$ cat query25.txt   # compact mmCIF, C-alpha atoms and all ligand atoms
# COMPACT_ATOMS: atom_id res chain seq x y z
CA MET C 179 143.37 -82.29 37.64
CA ASP C 180 143.40 -78.82 39.28
CA SER C 181 145.65 -78.50 42.30
CA PRO C 182 143.61 -77.60 45.45
CA SER C 183 144.66 -73.94 45.22
CA GLU C 184 143.55 -73.72 41.55
CA GLN C 185 140.34 -75.62 42.07
CA LYS C 186 137.20 -73.57 41.29
CA LYS C 187 134.77 -73.37 44.19
CA LEU C 188 131.78 -75.60 43.64
CA PHE C 189 129.24 -73.59 45.60
CA ASN C 190 130.21 -70.02 44.80
CA PHE C 191 127.30 -69.01 42.52
CA THR C 192 126.52 -65.77 44.37
CA GLU C 193 130.17 -65.03 45.12
CA SER C 194 131.49 -65.31 41.56
CA LYS C 195 132.74 -62.29 39.62
CA ALA C 196 130.19 -63.00 36.85
CA TYR C 197 127.31 -63.00 39.40
CA LYS C 198 128.34 -59.62 40.77
CA GLU C 199 128.59 -58.21 37.25
CA ILE C 200 125.08 -59.40 36.36
CA TYR C 201 122.91 -59.11 39.45
CA LYS C 202 122.34 -56.30 41.89
CA GLU C 203 119.51 -58.14 43.71
CA ARG C 204 118.42 -61.41 42.13
CA SER C 205 115.51 -61.90 44.60
CA ILE C 206 113.58 -59.08 42.83
CA LEU C 207 113.01 -61.66 40.09
CA GLU C 208 111.55 -64.22 42.50
CA ILE C 209 107.91 -64.99 41.83
CA ASP C 210 106.54 -63.97 45.24
CA TYR C 211 108.16 -60.52 45.18
CA VAL C 212 105.40 -57.88 45.34
CA PRO C 213 106.38 -54.77 43.35
CA GLU C 214 105.42 -51.28 44.54
CA SER C 215 103.31 -50.59 41.48
CA LEU C 216 101.45 -52.87 39.10
CA VAL C 217 101.34 -52.40 35.35
CA GLY C 218 98.02 -52.41 33.46
CA ARG C 219 95.84 -53.49 36.37
CA ASP C 220 94.20 -50.20 37.43
CA LYS C 221 90.72 -51.41 36.49
CA GLN C 222 91.09 -54.70 38.38
CA ILE C 223 92.62 -52.96 41.43
CA GLN C 224 89.67 -50.59 41.48
CA SER C 225 87.14 -53.45 41.14
CA ILE C 226 88.75 -55.43 43.97
CA ALA C 227 88.95 -52.34 46.18
CA GLU C 228 85.20 -51.86 45.60
CA ILE C 229 84.52 -55.29 47.11
CA TYR C 230 85.65 -53.76 50.38
CA TYR C 231 83.59 -50.54 50.18
CA PRO C 232 80.86 -52.06 52.44
CA LEU C 233 83.45 -52.07 55.25
CA GLY C 234 82.85 -48.31 55.50
CA ASP C 235 79.27 -49.09 56.69
CA LYS C 236 80.49 -51.98 58.87
CA GLU C 237 78.98 -54.39 56.33
CA LYS C 238 80.43 -57.61 54.95
CA PRO C 239 82.45 -57.37 51.70
CA LYS C 240 81.06 -59.23 48.68
CA ASN C 241 82.21 -62.77 47.90
CA THR C 242 84.16 -62.59 44.68
CA LEU C 243 85.68 -64.82 42.03
CA ILE C 244 88.73 -63.62 40.15
CA TYR C 245 89.76 -65.42 37.04
CA GLY C 246 92.35 -65.10 34.30
CA PRO C 247 95.10 -67.12 32.61
CA PRO C 248 98.39 -68.07 34.32
CA GLY C 249 100.71 -65.14 35.02
CA SER C 250 98.03 -62.48 34.50
CA GLY C 251 98.74 -60.96 37.91
CA LYS C 252 95.83 -62.30 39.99
CA THR C 253 97.83 -63.30 43.05
CA VAL C 254 100.17 -60.31 43.05
CA THR C 255 97.25 -57.89 42.65
CA ILE C 256 95.40 -59.41 45.60
CA ARG C 257 98.56 -59.23 47.73
CA HIS C 258 99.09 -55.62 46.71
CA ILE C 259 95.50 -54.70 47.64
CA LEU C 260 95.59 -56.50 50.98
CA ASN C 261 98.80 -54.64 51.90
CA ARG C 262 97.11 -51.36 51.03
CA LEU C 263 93.90 -52.28 52.86
CA CYS C 264 95.84 -52.69 56.12
CA SER C 265 97.85 -49.50 55.65
CA GLU C 266 94.99 -47.29 54.39
CA LEU C 267 92.34 -48.57 56.82
CA PRO C 268 94.32 -49.46 59.96
CA ASP C 269 91.17 -49.53 62.14
CA VAL C 270 89.32 -52.03 60.05
CA ASN C 271 88.68 -55.25 61.84
CA ILE C 272 89.45 -57.78 59.14
CA ARG C 273 92.44 -60.06 58.58
CA ASP C 274 93.27 -62.15 55.53
CA ILE C 275 94.67 -65.58 54.84
CA ILE C 276 95.72 -66.65 51.34
CA ILE C 277 95.27 -70.41 50.94
CA PRO C 278 97.33 -72.03 48.14
CA CYS C 279 94.77 -74.71 47.22
CA GLY C 280 97.16 -76.52 44.87
CA GLU C 281 98.95 -77.70 48.01
CA HIS C 282 96.05 -77.57 50.49
CA ASN C 283 93.26 -79.18 48.52
CA THR C 284 91.24 -81.24 51.02
CA ILE C 285 88.92 -80.01 53.79
CA VAL C 286 91.30 -81.17 56.52
CA LYS C 287 94.42 -79.70 54.86
CA ILE C 288 92.66 -76.36 54.38
CA LEU C 289 91.38 -76.26 57.96
CA ILE C 290 94.83 -77.13 59.34
CA PHE C 291 96.29 -74.32 57.21
CA LEU C 292 93.66 -71.90 58.59
CA ILE C 293 94.14 -73.06 62.19
CA LYS C 294 97.88 -72.41 61.87
CA GLY C 295 97.13 -69.13 60.12
CA LEU C 296 95.24 -68.06 63.25
CA GLY C 297 98.41 -68.63 65.26
CA TYR C 298 97.76 -72.10 66.73
CA GLU C 299 101.13 -73.69 67.36
CA LYS C 300 100.35 -76.99 69.13
CA ASP C 301 100.62 -80.31 67.27
CA LEU C 302 97.48 -81.42 65.47
CA PRO C 303 96.36 -85.03 64.93
CA LEU C 304 96.94 -86.01 61.31
CA ARG C 305 95.02 -89.28 61.32
CA GLY C 306 91.87 -90.77 62.76
CA VAL C 307 90.08 -87.46 63.35
CA ALA C 308 87.04 -86.35 61.35
CA SER C 309 86.87 -82.93 59.71
CA GLY C 310 84.36 -81.79 62.39
CA PHE C 311 87.21 -81.66 64.92
CA PHE C 312 89.13 -79.21 62.73
CA TYR C 313 86.07 -77.09 61.94
CA ASP C 314 85.32 -76.80 65.69
CA LEU C 315 88.90 -75.83 66.52
CA PHE C 316 89.04 -73.29 63.71
CA TYR C 317 85.78 -71.61 64.75
CA GLU C 318 86.78 -71.65 68.42
CA LEU C 319 90.07 -69.89 67.59
CA LEU C 320 88.27 -67.38 65.39
CA ARG C 321 85.74 -66.60 68.15
CA GLN C 322 88.66 -65.81 70.45
CA LYS C 323 89.72 -63.06 68.03
CA ASP C 324 87.79 -59.87 67.59
CA TYR C 325 88.24 -59.68 63.84
CA SER C 326 86.55 -61.04 60.71
CA LEU C 327 88.36 -62.97 57.97
CA THR C 328 88.86 -62.62 54.25
CA LEU C 329 89.85 -66.06 52.96
CA ILE C 330 91.48 -66.04 49.56
CA PHE C 331 91.36 -69.45 47.94
CA ASP C 332 94.15 -69.25 45.36
CA GLU C 333 93.57 -71.88 42.64
CA ILE C 334 90.12 -72.56 44.15
CA ASP C 335 89.39 -75.10 41.37
CA LYS C 336 91.93 -77.49 42.94
CA ILE C 337 89.76 -78.02 46.05
CA LYS C 338 88.54 -81.61 46.09
CA ASP C 339 85.38 -81.05 48.17
CA ASP C 340 83.55 -77.76 47.71
CA SER C 341 81.37 -78.26 50.82
CA ILE C 342 84.03 -76.32 52.73
CA ILE C 343 83.08 -73.20 50.80
CA TYR C 344 79.42 -73.72 51.67
CA ASN C 345 80.19 -74.25 55.37
CA LEU C 346 82.46 -71.23 55.67
CA ILE C 347 80.05 -68.92 53.84
CA ARG C 348 77.26 -69.93 56.19
CA ALA C 349 79.34 -69.74 59.38
CA GLU C 350 77.45 -66.64 60.62
CA GLU C 351 74.08 -68.23 59.94
CA PHE C 352 75.14 -71.42 61.73
CA LYS C 353 76.31 -69.23 64.68
CA GLU C 354 79.83 -70.59 64.45
CA VAL C 355 81.27 -67.09 64.86
CA ASN C 356 80.49 -64.15 67.18
CA GLY C 357 77.69 -61.76 66.25
CA ARG C 358 79.94 -59.12 64.70
CA GLN C 359 82.25 -61.54 62.90
CA TYR C 360 81.99 -62.96 59.37
CA ILE C 361 83.97 -64.97 56.85
CA HIS C 362 84.39 -63.37 53.46
CA ILE C 363 85.56 -65.42 50.48
CA ILE C 364 87.57 -64.55 47.39
CA GLY C 365 88.30 -67.36 44.92
CA ILE C 366 91.03 -67.21 42.30
CA SER C 367 90.94 -69.50 39.28
CA ASN C 368 92.41 -69.86 35.80
CA THR C 369 89.05 -70.62 34.30
CA ASP C 370 85.53 -69.25 34.34
CA GLN C 371 84.35 -72.87 34.25
CA PHE C 372 84.93 -73.18 38.00
CA ILE C 373 81.52 -71.79 38.90
CA ASN C 374 79.81 -74.41 36.68
CA SER C 375 81.73 -77.20 38.37
CA LEU C 376 80.27 -76.38 41.82
CA GLY C 377 77.54 -78.56 43.25
CA PRO C 378 74.07 -76.91 42.99
CA ILE C 379 73.72 -76.22 46.73
CA VAL C 380 77.16 -74.64 47.02
CA ALA C 381 76.55 -72.65 43.83
CA SER C 382 73.27 -71.27 45.15
CA PHE C 383 75.00 -69.81 48.23
CA PHE C 384 78.32 -68.81 46.66
CA GLN C 385 77.10 -66.33 44.09
CA PRO C 386 80.21 -64.27 43.66
CA ASP C 387 80.81 -61.10 41.70
CA THR C 388 83.42 -61.86 39.05
CA ILE C 389 86.50 -59.90 38.05
CA VAL C 390 88.41 -60.86 34.92
CA PHE C 391 92.18 -60.56 34.41
CA PRO C 392 92.99 -60.61 30.69
CA PRO C 393 96.43 -61.76 29.45
CA TYR C 394 99.11 -59.06 29.13
CA ASN C 395 100.18 -57.76 25.75
CA GLU C 396 103.84 -57.42 24.75
CA LYS C 397 104.04 -53.72 25.64
CA GLN C 398 102.67 -54.37 29.16
CA ILE C 399 105.14 -57.21 29.68
CA ILE C 400 108.00 -54.93 28.61
CA ASP C 401 106.82 -52.38 31.22
CA ILE C 402 106.62 -55.10 33.91
CA LEU C 403 110.18 -56.19 33.12
CA ASN C 404 111.48 -52.62 32.91
CA ASN C 405 110.16 -51.88 36.41
CA ARG C 406 112.23 -54.70 37.90
CA ILE C 407 115.39 -54.50 35.83
CA PRO C 408 117.07 -51.50 37.53
CA LEU C 409 116.45 -53.12 40.93
CA ALA C 410 117.51 -56.64 39.93
CA PHE C 411 120.35 -56.18 37.42
CA CYS C 412 123.58 -54.20 37.34
CA PRO C 413 123.56 -51.28 34.89
CA ASN C 414 124.38 -52.48 31.35
CA ALA C 415 124.02 -56.17 32.26
CA ILE C 416 120.90 -56.36 30.14
CA ASN C 417 119.88 -54.50 26.98
CA LYS C 418 116.61 -53.50 25.32
CA LYS C 419 116.80 -56.31 22.76
CA ILE C 420 116.87 -59.01 25.45
CA ILE C 421 113.90 -57.44 27.23
CA GLU C 422 111.91 -57.30 24.00
CA LEU C 423 112.79 -60.89 23.16
CA CYS C 424 111.64 -62.18 26.57
CA ALA C 425 108.46 -60.08 26.41
CA GLN C 426 107.64 -61.25 22.90
CA LEU C 427 108.09 -64.92 23.81
CA ALA C 428 105.90 -64.53 26.90
CA ALA C 429 103.25 -62.56 24.99
CA ASP C 430 103.11 -65.28 22.32
CA GLU C 431 102.65 -67.89 25.03
CA GLY C 432 99.47 -66.52 26.53
CA GLY C 433 100.59 -63.12 27.88
CA ASP C 434 102.15 -64.67 30.98
CA ALA C 435 104.20 -62.17 33.05
CA ARG C 436 105.63 -64.97 35.21
CA ARG C 437 107.15 -66.63 32.18
CA ALA C 438 108.76 -63.34 31.09
CA ILE C 439 110.29 -62.75 34.54
CA LEU C 440 111.52 -66.34 34.82
CA LEU C 441 113.00 -66.11 31.33
CA LEU C 442 114.90 -63.00 32.26
CA GLN C 443 116.18 -64.63 35.44
CA ALA C 444 117.19 -67.83 33.62
CA ALA C 445 118.94 -65.74 30.92
CA GLY C 446 120.85 -63.91 33.68
CA ASP C 447 121.82 -67.25 35.24
CA MET C 448 122.97 -68.53 31.82
CA ALA C 449 125.17 -65.46 31.41
CA ILE C 450 126.83 -66.32 34.73
CA LYS C 451 127.18 -69.98 33.82
CA THR C 452 128.89 -69.06 30.56
CA GLU C 453 131.03 -66.47 32.43
CA CYS C 454 129.79 -63.49 30.41
CA ASN C 455 129.58 -60.08 32.05
CA ARG C 456 126.32 -59.21 30.28
CA VAL C 457 123.28 -61.11 29.05
CA GLN C 458 123.36 -61.78 25.31
CA SER C 459 120.60 -62.78 22.86
CA GLY C 460 121.96 -66.34 22.73
CA HIS C 461 121.27 -66.76 26.45
CA VAL C 462 117.52 -66.39 25.84
CA PRO C 463 116.96 -69.66 23.89
CA MET C 464 119.12 -71.39 26.50
CA ALA C 465 116.81 -69.91 29.15
CA VAL C 466 113.74 -71.12 27.21
CA ASP C 467 115.10 -74.68 27.26
CA LYS C 468 115.90 -74.49 30.95
CA ILE C 469 112.40 -73.25 31.82
CA ASN C 470 110.63 -75.76 29.57
CA LYS C 471 112.66 -78.52 31.16
CA ASP C 472 111.84 -77.34 34.71
CA VAL C 473 108.14 -76.97 33.88
CA SER C 474 108.01 -80.41 32.22
CA TYR C 475 109.71 -82.12 35.16
CA ARG C 476 107.39 -80.40 37.67
CA PHE C 477 104.34 -81.23 35.57
CA VAL C 478 105.29 -84.92 35.29
CA SER C 479 106.18 -85.22 38.98
CA ASN C 480 102.55 -84.36 39.85
CA MET C 481 101.11 -86.97 37.47
CA SER C 482 99.55 -90.30 38.41
CA TYR C 483 100.75 -93.52 36.73
CA GLY C 484 97.71 -93.50 34.41
CA GLU C 485 98.31 -89.87 33.41
CA LYS C 486 101.93 -90.61 32.57
CA LEU C 487 100.87 -93.54 30.40
CA VAL C 488 98.32 -91.46 28.47
CA THR C 489 100.86 -88.65 28.03
CA LEU C 490 103.48 -91.06 26.72
CA ALA C 491 100.93 -92.57 24.31
CA LEU C 492 100.20 -89.02 23.07
CA ILE C 493 103.89 -88.24 22.62
CA LYS C 494 104.62 -91.52 20.81
CA THR C 495 101.60 -91.03 18.52
CA GLU C 496 102.71 -87.51 17.65
CA LYS C 497 106.29 -88.63 17.04
CA TYR C 498 105.50 -91.50 14.68
CA LEU C 499 102.39 -90.30 12.88
CA LYS C 500 102.95 -88.98 9.34
CA PRO C 501 103.75 -85.25 9.54
CA ASP C 502 100.69 -84.30 7.45
CA LYS C 503 98.30 -86.10 9.82
CA PHE C 504 96.68 -84.76 12.99
CA VAL C 505 96.90 -86.62 16.27
CA ILE C 506 93.33 -87.57 17.15
CA THR C 507 91.93 -89.18 20.28
CA GLY C 508 91.16 -92.48 18.50
CA ASN C 509 94.81 -92.92 17.41
CA VAL C 510 96.10 -92.14 20.87
CA TYR C 511 93.69 -94.65 22.38
CA LYS C 512 94.96 -97.46 20.11
CA VAL C 513 98.55 -96.73 21.07
CA TYR C 514 97.57 -96.49 24.73
CA VAL C 515 95.81 -99.89 24.63
CA ASP C 516 98.88 -101.44 22.97
CA MET C 517 101.13 -99.96 25.66
CA CYS C 518 98.83 -101.34 28.38
CA LYS C 519 99.11 -104.81 26.78
CA LYS C 520 102.90 -104.60 26.96
CA ALA C 521 102.74 -103.85 30.67
CA ASN C 522 99.99 -106.42 31.20
CA ILE C 523 97.54 -103.92 32.64
CA LYS C 524 93.87 -103.27 31.98
CA PRO C 525 93.29 -100.11 29.90
CA THR C 526 90.73 -97.51 30.97
CA SER C 527 87.89 -96.53 28.63
CA LEU C 528 88.16 -94.11 25.70
CA GLY C 529 86.03 -91.67 27.72
CA ALA C 530 88.47 -91.75 30.65
CA LEU C 531 91.38 -91.12 28.28
CA SER C 532 89.50 -88.17 26.72
CA GLN C 533 88.96 -86.71 30.20
CA LYS C 534 92.70 -86.80 30.86
CA ILE C 535 93.33 -85.06 27.54
CA THR C 536 90.79 -82.37 28.49
CA LYS C 537 92.63 -81.88 31.80
CA PHE C 538 96.00 -81.46 30.01
CA ASN C 539 94.29 -79.01 27.68
CA MET C 540 93.08 -76.92 30.64
CA MET C 541 96.56 -77.02 32.17
CA GLY C 542 97.99 -75.44 29.01
CA ILE C 543 100.18 -78.43 28.06
CA LEU C 544 98.41 -79.11 24.79
CA ASN C 545 95.74 -77.79 22.51
CA ALA C 546 92.84 -80.13 21.86
CA THR C 547 90.34 -78.81 19.33
CA VAL C 548 87.07 -80.69 19.01
CA THR C 549 86.21 -81.39 15.36
CA SER C 550 83.32 -83.13 13.71
CA ARG C 551 84.12 -86.34 11.81
CA GLY C 552 80.88 -86.86 9.89
CA ARG C 553 79.37 -90.18 10.86
CA GLY C 554 82.34 -90.92 13.07
CA GLY C 555 81.04 -88.32 15.55
CA GLN C 556 83.37 -85.91 17.29
CA THR C 557 87.04 -86.21 18.07
CA SER C 558 89.85 -83.95 19.26
CA GLU C 559 92.78 -82.84 17.16
CA ILE C 560 95.68 -82.57 19.55
CA ILE C 561 98.92 -80.63 19.38
CA PHE C 562 101.47 -80.05 22.14
CA ILE C 563 102.02 -76.38 22.91
CA ASN C 564 105.75 -76.86 23.45
CA ASN C 565 108.11 -79.53 22.18
CA PRO C 566 107.24 -82.55 24.38
CA ASP C 567 110.81 -83.97 24.45
CA PHE C 568 111.40 -82.79 28.03
CA ILE C 569 108.08 -84.30 29.15
CA GLU C 570 109.10 -87.62 27.60
CA GLU C 571 112.52 -87.42 29.25
CA ALA C 572 110.88 -86.71 32.61
CA ILE C 573 108.52 -89.70 32.26
CA TYR C 574 111.49 -92.04 31.73
CA GLN C 575 112.84 -90.95 35.12
CA ASP C 576 110.15 -93.29 36.48
CA CYS C 577 111.55 -96.79 36.02
CA LYS C 578 108.09 -98.23 35.25
CA PHE C 579 108.23 -96.41 31.92
CA VAL C 580 111.74 -97.24 30.77
CA ARG C 581 110.33 -100.28 28.91
CA TYR C 582 108.78 -97.85 26.39
CA TYR C 583 112.02 -96.02 25.60
CA ASN C 584 112.47 -97.77 22.23
CA TYR C 585 108.79 -98.48 21.67
CA VAL C 586 107.55 -97.55 18.19
CA PRO C 587 103.75 -97.61 17.86
CA ASN C 588 102.01 -98.95 14.82
CA VAL C 589 100.58 -95.65 13.53
CA LYS C 590 100.76 -94.16 10.07
N1 LIG Q 601 100.89 -55.98 36.63
C1 LIG Q 601 102.03 -56.48 37.12
N2 LIG Q 601 103.04 -55.66 37.47
C2 LIG Q 601 104.18 -56.19 37.95
N3 LIG Q 601 104.43 -57.51 38.12
C3 LIG Q 601 103.45 -58.35 37.77
C4 LIG Q 601 102.21 -57.89 37.26
N4 LIG Q 601 101.43 -58.95 36.99
C5 LIG Q 601 102.14 -60.03 37.31
N5 LIG Q 601 103.35 -59.69 37.78
C6 LIG Q 601 104.39 -60.62 38.21
O1 LIG Q 601 104.29 -61.78 37.39
C7 LIG Q 601 104.37 -62.97 38.16
C8 LIG Q 601 103.09 -63.78 38.01
O2 LIG Q 601 102.01 -63.06 38.57
P1 LIG Q 601 100.91 -63.79 39.48
O3 LIG Q 601 101.56 -64.83 40.30
O4 LIG Q 601 100.14 -62.73 40.19
O5 LIG Q 601 100.03 -64.45 38.34
P2 LIG Q 601 98.68 -65.29 38.51
O6 LIG Q 601 97.66 -64.63 37.63
O7 LIG Q 601 98.34 -65.42 39.95
O8 LIG Q 601 99.11 -66.67 37.87
P3 LIG Q 601 98.59 -68.18 38.23
O9 LIG Q 601 97.21 -68.32 37.64
O10 LIG Q 601 99.55 -69.07 37.50
O11 LIG Q 601 98.63 -68.34 39.70
C9 LIG Q 601 104.64 -62.53 39.59
O12 LIG Q 601 106.03 -62.53 39.82
C10 LIG Q 601 104.12 -61.12 39.62
O13 LIG Q 601 104.83 -60.33 40.57
MG MG Q 602 98.40 -67.12 41.24
$ encode --input "query25.txt" --output "structure tokens" --more "lines below"
Ligand SMILES: Nc1ncnc2c1ncn2[C@@H]1O[C@H](COP(=O)(O)OP(=O)(O)OP(=O)(O)O)[C@@H](O)[C@H]1O
Ligand SMILES: [Mg+2]
Amino acid sequence: MDSPSEQKKLFNFTESKAYKEIYKERSILEIDYVPESLVGRDKQIQSIAEIYYPLGDKEKPKNTLIYGPPGSGKTVTIRHILNRLCSELPDVNIRDIIIPCGEHNTIVKILIFLIKGLGYEKDLPLRGVASGFFYDLFYELLRQKDYSLTLIFDEIDKIKDDSIIYNLIRAEEFKEVNGRQYIHIIGISNTDQFINSLGPIVASFFQPDTIVFPPYNEKQIIDILNNRIPLAFCPNAINKKIIELCAQLAADEGGDARRAILLLQAAGDMAIKTECNRVQSGHVPMAVDKINKDVSYRFVSNMSYGEKLVTLALIKTEKYLKPDKFVITGNVYKVYVDMCKKANIKPTSLGALSQKITKFNMMGILNATVTSRGRGGQTSEIIFINNPDFIEEAIYQDCKFVRYYNYVPNVK
């Protein structure tokens, strides 16, 4: 055992020699950092700026829906534009609130977020009060201000009840705000399907302009990384080959800039962990594993019991099916029903299982391609986008699933 004087400090990550040789400012690689300039988004910046042109005539900006795949720069672009709006038009009477709807997904949670966003600091009742109470308080606070609001619903598709959009859009008509005030709405989503999922009444009032964010190509991701590297890393800590490797991996996985930045950060952390004074190519696959593990654990921690069971049935089917065979919904359902029997629970219908698979497909966890099976109708051929081992490992962290650890399904 080390004597106390020789003992390595346990909590000295940022103090270590390796850390100081790798990082100049690690926080530049944090996801909410807003860079001074954005790569490859001139067209989108221009389109979003145009939403606000009516402000010049004291008119209301247009409600807008922005969509694009994960990591395509939607949130950072909006933040960048809002910063510029305030600095370039200091007299304009509009404030903004960005609502992360993944976290704040019910009417009450959203209204509480908005009430706090308007500076209300007193305690709010969390139970036994209807949403009307929160609407009234929100509008009362807004009337006390002399400005209008741009509300940016980030991940708008996560909202559980879209009537809030309808109510907020019609606030002026319902005389909830002062004559000169309005509420302007921007929605951000990963999919263009969001608009079709709205109820007909909401859809008829929320007729947004749309702005599309395409995925980045490898060259654009290299530029995004190169803009941060001199600020984040010490000179020579990282070389061109590492940057290209991270960019290529992220481009292959849907053109996701977030993944590229996280990869670079995880590779830097791996260099420190292995006490190297520069990042080497071997640190990148280690970083990939670390990120896949983190993503899998986060993904599973947000799943319901039923979702975990379906996912495990999918993983077991894929693992034990003959390599030349495709995983199809029918196979997964048989395995799922067998697993339910073992736990003595009632299985849901095939349709409900298919819906869960569609959800995982939309979340980018797997690829489910609908194929025609002659008389057998349609089915989905399913493949996991990444190796599902970490997802399986994360599911076993829930003791209700340990019983399936050695379970081998009867599939061929
Ligand atoms: N054009 C760009 N220039 C510089 N950095 C960028 C650019 N686009 C994205 N980034 C960075 O990549 C990361 C992901 O971007 P962002 O969060 O805006 O993606 P998103 O489209 O909102 O993704 P999601 O749909 O998952 O919310 C952020 O750290 C952001 O700063
Ligand atoms: Mg975002």
$ residues_around --input "query25.txt" --residues "His282 in chain C" --least-positions-apart "4" --cutoff "8 Å" --atoms "all atoms listed in the file" --output "MDAnalysis selection string"
chainID C and resid 277:278 287:288 291 337
$ residues_near_point --input "query25.txt" --point "(91.2, -92.4, 25.2)" --cutoff "9 Å" --atoms "all atoms listed in the file" --output "list in words"
Val488, Thr507, Gly508, Asn509, Val510, Tyr511, Lys512, Tyr514, Val515, Thr526, Ser527, Leu528, Gly529, Ala530, Leu531, Ser532, Gln533, Lys534 and Ile535 of chain C
$ residues_around --input "query25.txt" --residues "range 382-387 of chain C" --least-positions-apart "2" --cutoff "7 Å" --atoms "all atoms listed in the file" --output "ChimeraX atom specification"
/C:241-243,344,378-380,389
$ residues_near_ligand --input "query25.txt" --ligand "ligand LIG 601 (chain Q)" --cutoff "9 Å" --atoms "only C-alpha atoms and all ligand atoms" --output "PyMOL selection string"
chain C and resi 206-220+245-257+332-333+366-368+391+393-394+398-399+401-403+405-406+434-440
$ write_last_selection --input "query25.txt" --atoms "C-alpha atoms" --output "compact mmCIF listing (two decimals), keeping the file's coordinate frame"
# COMPACT_ATOMS: atom_id res chain seq x y z
CA ILE C 206 113.58 -59.08 42.83
CA LEU C 207 113.01 -61.66 40.09
CA GLU C 208 111.55 -64.22 42.50
CA ILE C 209 107.91 -64.99 41.83
CA ASP C 210 106.54 -63.97 45.24
CA TYR C 211 108.16 -60.52 45.18
CA VAL C 212 105.40 -57.88 45.34
CA PRO C 213 106.38 -54.77 43.35
CA GLU C 214 105.42 -51.28 44.54
CA SER C 215 103.31 -50.59 41.48
CA LEU C 216 101.45 -52.87 39.10
CA VAL C 217 101.34 -52.40 35.35
CA GLY C 218 98.02 -52.41 33.46
CA ARG C 219 95.84 -53.49 36.37
CA ASP C 220 94.20 -50.20 37.43
CA TYR C 245 89.76 -65.42 37.04
CA GLY C 246 92.35 -65.10 34.30
CA PRO C 247 95.10 -67.12 32.61
CA PRO C 248 98.39 -68.07 34.32
CA GLY C 249 100.71 -65.14 35.02
CA SER C 250 98.03 -62.48 34.50
CA GLY C 251 98.74 -60.96 37.91
CA LYS C 252 95.83 -62.30 39.99
CA THR C 253 97.83 -63.30 43.05
CA VAL C 254 100.17 -60.31 43.05
CA THR C 255 97.25 -57.89 42.65
CA ILE C 256 95.40 -59.41 45.60
CA ARG C 257 98.56 -59.23 47.73
CA ASP C 332 94.15 -69.25 45.36
CA GLU C 333 93.57 -71.88 42.64
CA ILE C 366 91.03 -67.21 42.30
CA SER C 367 90.94 -69.50 39.28
CA ASN C 368 92.41 -69.86 35.80
CA PHE C 391 92.18 -60.56 34.41
CA PRO C 393 96.43 -61.76 29.45
CA TYR C 394 99.11 -59.06 29.13
CA GLN C 398 102.67 -54.37 29.16
CA ILE C 399 105.14 -57.21 29.68
CA ASP C 401 106.82 -52.38 31.22
CA ILE C 402 106.62 -55.10 33.91
CA LEU C 403 110.18 -56.19 33.12
CA ASN C 405 110.16 -51.88 36.41
CA ARG C 406 112.23 -54.70 37.90
CA ASP C 434 102.15 -64.67 30.98
CA ALA C 435 104.20 -62.17 33.05
CA ARG C 436 105.63 -64.97 35.21
CA ARG C 437 107.15 -66.63 32.18
CA ALA C 438 108.76 -63.34 31.09
CA ILE C 439 110.29 -62.75 34.54
CA LEU C 440 111.52 -66.34 34.82
$ residues_around --input "query25.txt" --residues "Asn584 in chain C" --least-positions-apart "6" --cutoff "12 Å" --atoms "only C-alpha atoms" --output "PyMOL selection string"
chain C and resi 494+570+574
$ closest_residue --input "query25.txt" --among "C:Val270, C:Leu320, C:Leu376, C:Ala425" --to "Gly234 in chain C" --atoms "only C-alpha atoms"
C:Val270
$ closest_residue --input "query25.txt" --among "C:Leu292, C:Ile416, C:Met481, C:Leu304" --to "Arg273 in chain C" --atoms "all atoms listed in the file"
C:Leu292
$ closest_residue --input "query25.txt" --among "C:Arg262, C:Lys198, C:Arg348, C:His362" --to "Ile229 in chain C" --atoms "only C-alpha atoms"
C:His362
$ atom_distance --input "query25.txt" --atom1 "CA of Ile450 in chain C" --atom2 "CA of Ile400 in chain C"
22.8 Å
$ atom_distance --input "query25.txt" --atom1 "CA of Phe311 in chain C" --atom2 "CA of Ile347 in chain C"
18.3 Å
$ residues_near_point --input "query25.txt" --point "(127.4, -63.9, 29.2)" --cutoff "9 Å" --atoms "only C-alpha atoms" --output "list in words"
Ala196, Ile200, Ala415, Ala445, Gly446, Asp447, Met448, Ala449, Ile450, Lys451, Thr452, Glu453, Cys454, Asn455, Arg456, Val457, Gln458, Gly460 and His461 of chain C
$ write_last_selection --input "query25.txt" --atoms "C-alpha atoms" --output "mmCIF file, in the coordinates of the input"
data_model
loop_
_atom_site.group_PDB
_atom_site.id
_atom_site.type_symbol
_atom_site.label_atom_id
_atom_site.label_comp_id
_atom_site.auth_asym_id
_atom_site.auth_seq_id
_atom_site.Cartn_x
_atom_site.Cartn_y
_atom_site.Cartn_z
ATOM 1 C CA ALA C 196 130.190 -63.000 36.850
ATOM 2 C CA ILE C 200 125.080 -59.400 36.360
ATOM 3 C CA ALA C 415 124.020 -56.170 32.260
ATOM 4 C CA ALA C 445 118.940 -65.740 30.920
ATOM 5 C CA GLY C 446 120.850 -63.910 33.680
ATOM 6 C CA ASP C 447 121.820 -67.250 35.240
ATOM 7 C CA MET C 448 122.970 -68.530 31.820
ATOM 8 C CA ALA C 449 125.170 -65.460 31.410
ATOM 9 C CA ILE C 450 126.830 -66.320 34.730
ATOM 10 C CA LYS C 451 127.180 -69.980 33.820
ATOM 11 C CA THR C 452 128.890 -69.060 30.560
ATOM 12 C CA GLU C 453 131.030 -66.470 32.430
ATOM 13 C CA CYS C 454 129.790 -63.490 30.410
ATOM 14 C CA ASN C 455 129.580 -60.080 32.050
ATOM 15 C CA ARG C 456 126.320 -59.210 30.280
ATOM 16 C CA VAL C 457 123.280 -61.110 29.050
ATOM 17 C CA GLN C 458 123.360 -61.780 25.310
ATOM 18 C CA GLY C 460 121.960 -66.340 22.730
ATOM 19 C CA HIS C 461 121.270 -66.760 26.450
#
